[in-house]
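Novice: For reference, this is coords20.cif, and it has mmCIF, C-alpha atoms.
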```
data_target
#
loop_
_atom_site.label_atom_id
_atom_site.label_comp_id
_atom_site.auth_asym_id
_atom_site.auth_seq_id
_atom_site.Cartn_x
_atom_site.Cartn_y
_atom_site.Cartn_z
CA MET R 256 57.51 62.36 18.96
CA ILE R 257 59.32 65.09 20.92
CA ASP R 258 57.21 64.27 23.99
CA LEU R 259 58.36 60.64 23.80
CA LEU R 260 61.99 61.75 23.39
CA ARG R 261 61.63 63.97 26.44
CA LYS R 262 60.44 60.99 28.52
CA ARG R 263 62.78 58.33 27.11
CA ARG R 264 65.27 56.95 29.61
CA SER R 265 67.02 53.63 29.90
CA VAL R 266 65.05 51.28 32.13
CA ARG R 267 66.93 48.41 33.74
CA LYS R 268 64.35 47.19 36.27
CA PHE R 269 61.11 45.65 35.13
CA GLU R 270 57.91 44.35 36.65
CA SER R 271 57.57 40.58 36.42
CA ARG R 272 54.40 40.71 34.30
CA SER R 273 54.40 39.60 30.70
CA ILE R 274 53.87 41.92 27.77
CA GLU R 275 50.49 41.45 26.10
CA PRO R 276 50.57 39.67 22.70
CA ASP R 277 49.01 42.66 20.90
CA LYS R 278 51.81 44.91 22.15
CA ILE R 279 54.42 42.39 21.00
CA GLU R 280 52.80 42.45 17.56
CA VAL R 281 53.14 46.25 17.48
CA LEU R 282 56.83 45.93 18.45
CA LYS R 283 57.35 43.42 15.63
CA GLU R 284 55.67 45.78 13.19
CA ALA R 285 57.91 48.65 14.31
CA LEU R 286 60.99 46.51 13.67
CA LEU R 287 59.77 45.50 10.23
CA ARG R 288 58.90 49.09 9.29
CA SER R 289 62.39 50.29 10.11
CA PRO R 290 64.09 51.91 7.12
CA THR R 291 67.11 50.28 5.56
CA SER R 292 69.67 51.59 3.12
CA ARG R 293 68.54 50.95 -0.44
CA SER R 294 65.85 48.64 1.03
CA LEU R 295 68.43 45.85 1.30
CA ILE R 296 67.02 44.72 4.68
CA PRO R 297 70.11 43.20 6.29
CA TRP R 298 68.60 42.90 9.76
CA GLU R 299 67.07 39.90 11.50
CA PHE R 300 65.50 39.90 14.97
CA VAL R 301 65.18 37.16 17.58
CA LEU R 302 62.48 37.84 20.16
CA VAL R 303 63.11 35.98 23.39
CA ASP R 304 60.50 35.61 26.13
CA ASP R 305 61.70 32.32 27.59
CA LEU R 306 62.90 33.24 31.10
CA ALA R 307 65.66 30.61 31.14
CA LEU R 308 67.03 31.90 27.83
CA LEU R 309 66.81 35.52 29.03
CA LYS R 310 68.83 34.52 32.09
CA GLN R 311 71.47 32.89 29.86
CA LEU R 312 71.59 35.92 27.56
CA SER R 313 71.94 38.22 30.58
CA ARG R 314 75.41 36.71 31.10
CA SER R 315 76.59 37.56 27.58
CA LYS R 316 79.12 40.10 28.87
CA LYS R 317 80.68 40.99 32.21
CA HIS R 318 78.97 44.38 32.61
CA GLY R 319 75.82 45.89 31.23
CA SER R 320 73.69 42.88 30.37
CA GLY R 321 72.68 41.44 33.76
CA PHE R 322 69.37 43.31 33.89
CA LEU R 323 68.08 41.32 30.88
CA LYS R 324 67.26 38.44 33.24
CA GLY R 325 64.57 40.64 34.84
CA ALA R 326 62.93 41.65 31.56
CA PRO R 327 59.98 39.75 30.12
CA LEU R 328 61.21 40.33 26.57
CA GLY R 329 64.59 40.57 24.90
CA ILE R 330 65.23 41.37 21.28
CA VAL R 331 68.49 40.22 19.72
CA VAL R 332 69.32 42.53 16.82
CA CYS R 333 71.28 40.69 14.12
CA ALA R 334 72.27 41.30 10.52
CA ASP R 335 73.79 39.69 7.49
CA PRO R 336 76.73 42.02 6.72
CA ALA R 337 77.00 40.58 3.20
CA LYS R 338 73.65 42.16 2.32
CA CYS R 339 74.58 45.75 3.10
CA ASP R 340 77.69 47.72 4.02
CA VAL R 341 75.71 49.91 6.45
CA TRP R 342 74.13 47.08 8.41
CA ILE R 343 75.25 48.67 11.69
CA GLU R 344 73.34 51.84 10.93
CA ASP R 345 70.28 49.91 9.76
CA CYS R 346 70.26 47.83 12.94
CA ALA R 347 70.77 50.88 15.14
CA ILE R 348 67.81 52.62 13.49
CA ALA R 349 65.60 49.57 14.06
CA SER R 350 66.79 49.40 17.66
CA ILE R 351 65.82 52.95 18.55
CA LEU R 352 62.53 52.73 16.67
CA VAL R 353 61.47 49.66 18.64
CA GLN R 354 62.55 51.36 21.87
CA MET R 355 60.49 54.45 21.06
CA THR R 356 57.54 52.25 20.09
CA ALA R 357 57.89 50.40 23.40
CA LEU R 358 57.78 53.72 25.25
CA SER R 359 54.65 54.74 23.33
CA LEU R 360 53.02 51.50 24.58
CA GLY R 361 53.85 52.22 28.24
CA LEU R 362 56.90 49.94 28.26
CA GLY R 363 60.49 50.64 29.21
CA SER R 364 63.63 49.46 27.46
CA CYS R 365 67.39 49.50 27.49
CA TRP R 366 70.00 48.84 24.79
CA ILE R 367 72.72 46.25 25.45
CA GLN R 368 75.83 46.64 23.28
CA ILE R 369 77.07 43.30 21.92
CA ARG R 370 79.25 44.09 18.89
CA LEU R 371 82.94 44.23 19.92
CA ARG R 372 82.20 43.02 23.47
CA GLN R 373 83.56 39.95 25.30
CA PHE R 374 81.82 37.16 27.18
CA ASP R 375 85.18 36.15 28.66
CA THR R 376 88.83 36.33 27.61
CA LYS R 377 88.40 33.67 24.92
CA THR R 378 84.82 34.11 23.73
CA THR R 379 83.10 37.16 22.30
CA SER R 380 79.62 38.12 23.42
CA GLU R 381 78.48 37.47 19.87
CA GLU R 382 79.85 33.91 19.89
CA TYR R 383 78.18 33.24 23.23
CA ILE R 384 74.80 34.49 22.00
CA ARG R 385 75.15 32.71 18.65
CA LYS R 386 75.70 29.42 20.47
CA THR R 387 72.94 30.05 23.03
CA LEU R 388 70.32 30.77 20.34
CA SER R 389 71.71 28.48 17.58
CA LEU R 390 72.05 31.44 15.22
CA PRO R 391 73.36 30.86 11.69
CA SER R 392 77.05 31.65 11.30
CA HIS R 393 76.52 34.30 8.59
CA LEU R 394 74.70 36.60 11.04
CA THR R 395 76.44 39.10 13.24
CA ILE R 396 74.91 40.65 16.36
CA LEU R 397 74.79 44.35 17.05
CA SER R 398 72.83 44.49 20.29
CA MET R 399 70.09 43.19 22.50
CA ILE R 400 67.22 45.23 23.83
CA ALA R 401 65.50 44.52 27.13
CA ILE R 402 61.80 45.48 27.16
CA GLY R 403 59.12 45.33 29.82
CA TYR R 404 56.89 47.25 32.17
CA PRO R 405 59.14 49.62 34.12
CA ALA R 406 59.69 48.99 37.83
CA GLU R 407 61.69 52.22 37.97
CA PHE R 408 61.06 55.60 36.44
CA PRO R 409 64.26 57.59 35.91
CA GLU R 410 63.69 61.32 35.78
CA PRO R 411 63.76 62.89 32.32
CA VAL R 412 66.80 64.96 31.41
CA LEU R 413 65.93 68.63 31.70
CA LEU R 414 66.28 70.84 28.64
CA SER R 415 68.78 72.95 30.58
CA GLU R 416 70.99 69.85 31.06
CA LEU R 417 71.24 68.99 27.34
CA PRO R 418 74.67 69.55 25.72
CA THR R 419 73.54 72.43 23.52
CA GLY R 420 77.17 73.18 22.61
CA LYS R 421 77.04 70.10 20.38
CA ILE R 422 74.74 71.95 17.96
CA HIS R 423 76.47 74.11 15.31
CA SER R 424 74.87 76.25 12.62
CA ASN R 425 76.18 76.75 9.09
CA GLY R 426 79.62 75.39 9.97
CA TRP R 427 81.79 74.87 13.03
#
```
Output the file's structure as structure tokens, nothing else.

Specialist:
Amino acid sequence: MIDLLRKRRSVRKFESRSIEPDKIEVLKEALLRSPTSRSLIPWEFVLVDDLALLKQLSRSKKHGSGFLKGAPLGIVVCADPAKCDVWIEDCAIASILVQMTALSLGLGSCWIQIRLRQFDTKTTSEEYIRKTLSLPSHLTILSMIAIGYPAEFPEPVLLSELPTGKIHSNGW
């Protein structure tokens, strides 16, 4: 796992080729194996590979979502907040696990923050996505994840560049 973490970087440019069905099945399994608090399973996932829909979703906020239109796969990470008070944490765990699984399969990925973001001055990103995908009103959206074969390979962060001062032992 540490070798994957050392290589993991956000990828925002993708090759135009599709992801093989067997790899998509592995990504689905990773999502479904994600731990949840008290096994309440508040999350739901919408996998999007329709290029027209990906283009629409890429406009869900002013900055930081445009690259989704170049990805062959997007995952919309949703939850039913009524099922669990830590739905945000559960969705975030699922999000990073699917990203790490994607990396292990030779794919790149990048998180797109949706919760608390705006499509425009009157519409939230969540409302825009809910309407675009006809999501049920009881679901809330944490994020989207763009996944595909990388067309760019950002350099890994060197160990010497990590913020080691953020680690404390036995107290502050």

Novice: With only C-alpha atoms as the basis for distance, which of R:Met355, R:Pro290, R:Leu308, R:Lys421 is at the shortest distance from Lys386 of chain R?

Specialist: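 So, comparing all the options, the nearest one is R:Leu308.
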
Novice: Which residues, named as in the file, does the PyMOL selection byres ((chain R and resi 325) around 12) pick out? Answer as a PyMOL selection string.

Specialist: chain R and resi 266-273+304-313+320-324+326-329+364-365+401-406

Novice: Please determine, counting only C-alpha atoms, which residue among R:Ala349, R:Ile343, R:Val303, R:Leu360 has the shortest atom-to-atom distance to Leu287 of chain R.

Specialist: R:Ala349

Novice: So which residues get picked by the PyMOL selection byres ((chain R and resi 259) around 12) here, written as a ChimeraX atom specification?

Specialist: /R:256-258,260-264,351-352,354-363,411

Novice: If we count only C-alpha atoms, what is near Ala337 of chain R at a cut-off of 10 Å, once residues fewer than 4 positions away on the same chain are taken out, given as a VMD selection string?

Specialist: chain R and resid 297 341 to 342 393 to 394

Novice: Now that the selection is made, can you save its residues with C-alpha atoms as a PDB file, in the frame of the given file?

Specialist:
```pdb
ATOM      1  CA  PRO R 297      70.110  43.200   6.290  1.00  0.00           C
ATOM      2  CA  VAL R 341      75.710  49.910   6.450  1.00  0.00           C
ATOM      3  CA  TRP R 342      74.130  47.080   8.410  1.00  0.00           C
ATOM      4  CA  HIS R 393      76.520  34.300   8.590  1.00  0.00           C
ATOM      5  CA  LEU R 394      74.700  36.600  11.040  1.00  0.00           C
TER       6      LEU R 394
END
```

Novice: Find the distance between atom CA of Met399 of chain R and atom CA of Glu416 of chain R and write it in Å to one decimal.

Specialist: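 Between these atoms lies a distance of 28.0 Å.
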
Novice: Which is closest to Trp298 of chain R among R:Ser424, R:Ser265, R:Thr395, R:Thr387, if we use only C-alpha atoms?

Specialist: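 The closest residue to Trp298 of chain R is R:Thr395.
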
Novice: Which residues come within 6 Å of Ser380 of chain R, counting all atoms listed in the file, excluding same-chain residues fewer than 2 positions away, as an mmCIF file with C-alpha atoms, keeping the file's coordinate frame?

Specialist:
```cif
data_model
loop_
_atom_site.group_PDB
_atom_site.id
_atom_site.type_symbol
_atom_site.label_atom_id
_atom_site.label_comp_id
_atom_site.auth_asym_id
_atom_site.auth_seq_id
_atom_site.Cartn_x
_atom_site.Cartn_y
_atom_site.Cartn_z
ATOM 1 C CA SER R 315 76.590 37.560 27.580
ATOM 2 C CA LYS R 316 79.120 40.100 28.870
ATOM 3 C CA ILE R 369 77.070 43.300 21.920
ATOM 4 C CA ARG R 372 82.200 43.020 23.470
ATOM 5 C CA GLN R 373 83.560 39.950 25.300
ATOM 6 C CA PHE R 374 81.820 37.160 27.180
ATOM 7 C CA GLU R 382 79.850 33.910 19.890
ATOM 8 C CA TYR R 383 78.180 33.240 23.230
#
```

Novice: Provide the atom CA of Gln368 of chain R to atom CA of Asp345 of chain R distance in Å, to one decimal place.

Specialist: 15.0 Å

Novice: Measure the distance from atom CA of Leu397 of chain R to atom CA of Ile274 of chain R in Å and round it to one decimal.

Specialist: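 Answer for the atom CA of Leu397 of chain R to atom CA of Ile274 of chain R separation: 23.6 Å.
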
Novice: Can you tell me, as a compact mmCIF listing (two decimals) with C-alpha atoms, in the frame of the given file, what residues are no more than 9 Å from Glu299 of chain R when counting only C-alpha atoms, ignoring any on the same chain fewer than 2 positions away?

Specialist:
```txt
# COMPACT_ATOMS: atom_id res chain seq x y z
CA ILE R 296 67.02 44.72 4.68
CA PRO R 297 70.11 43.20 6.29
CA VAL R 301 65.18 37.16 17.58
CA VAL R 331 68.49 40.22 19.72
CA VAL R 332 69.32 42.53 16.82
CA CYS R 333 71.28 40.69 14.12
CA ALA R 334 72.27 41.30 10.52
CA ASP R 335 73.79 39.69 7.49
CA CYS R 346 70.26 47.83 12.94
CA LEU R 394 74.70 36.60 11.04
```

Novice: Identify which of the residues R:Glu284, R:Glu275, R:His318, R:Ser289 lies closest to Asp375 of chain R, counting all atoms listed in the file when measuring atom-to-atom distances.

Specialist: R:His318

Novice: How big is the axis-aligned box around all listed atoms of segment 340-343 of chain R once 5 Å goes on each side, and where's its centre, in Å to one decimal, as JSON?

Specialist:
```
{"center_x": 75.9, "center_y": 48.5, "center_z": 7.9, "size_x": 13.6, "size_y": 12.8, "size_z": 17.7}
```

Novice: Please produce segment 367-380 of chain R, completed to N, CA and C atoms, as a short mmCIF file (atom, residue, chain, number, x, y, z; two decimals), in the coordinates of the input.

Specialist:
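Output (rebuild34.cif):
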```cif
data_model
loop_
_atom_site.label_atom_id
_atom_site.label_comp_id
_atom_site.auth_asym_id
_atom_site.auth_seq_id
_atom_site.Cartn_x
_atom_site.Cartn_y
_atom_site.Cartn_z
N ILE R 367 71.57 46.99 24.95
CA ILE R 367 72.72 46.25 25.45
C ILE R 367 73.68 46.08 24.27
N GLN R 368 74.82 46.73 24.35
CA GLN R 368 75.83 46.64 23.28
C GLN R 368 76.43 45.24 23.26
N ILE R 369 76.48 44.63 22.08
CA ILE R 369 77.07 43.30 21.92
C ILE R 369 78.27 43.33 20.99
N ARG R 370 78.16 44.03 19.86
CA ARG R 370 79.25 44.09 18.89
C ARG R 370 80.52 44.59 19.58
N LEU R 371 81.62 43.90 19.37
CA LEU R 371 82.94 44.23 19.92
C LEU R 371 83.02 44.08 21.44
N ARG R 372 82.15 43.27 22.03
CA ARG R 372 82.20 43.02 23.47
C ARG R 372 82.58 41.56 23.72
N GLN R 373 83.05 41.29 24.94
CA GLN R 373 83.56 39.95 25.30
C GLN R 373 82.68 39.30 26.35
N PHE R 374 82.44 38.00 26.16
CA PHE R 374 81.82 37.16 27.18
C PHE R 374 82.86 36.83 28.25
N ASP R 375 84.03 36.40 27.79
CA ASP R 375 85.18 36.15 28.66
C ASP R 375 86.43 36.39 27.81
N THR R 376 87.59 36.02 28.32
CA THR R 376 88.83 36.33 27.61
C THR R 376 88.99 35.58 26.30
N LYS R 377 88.26 34.48 26.13
CA LYS R 377 88.40 33.67 24.92
C LYS R 377 87.19 33.73 23.99
N THR R 378 86.06 34.18 24.49
CA THR R 378 84.82 34.11 23.73
C THR R 378 84.19 35.49 23.64
N THR R 379 83.80 35.89 22.44
CA THR R 379 83.10 37.16 22.30
C THR R 379 81.65 37.01 22.76
N SER R 380 81.04 38.12 23.07
CA SER R 380 79.62 38.12 23.42
C SER R 380 78.79 37.57 22.27
#
```
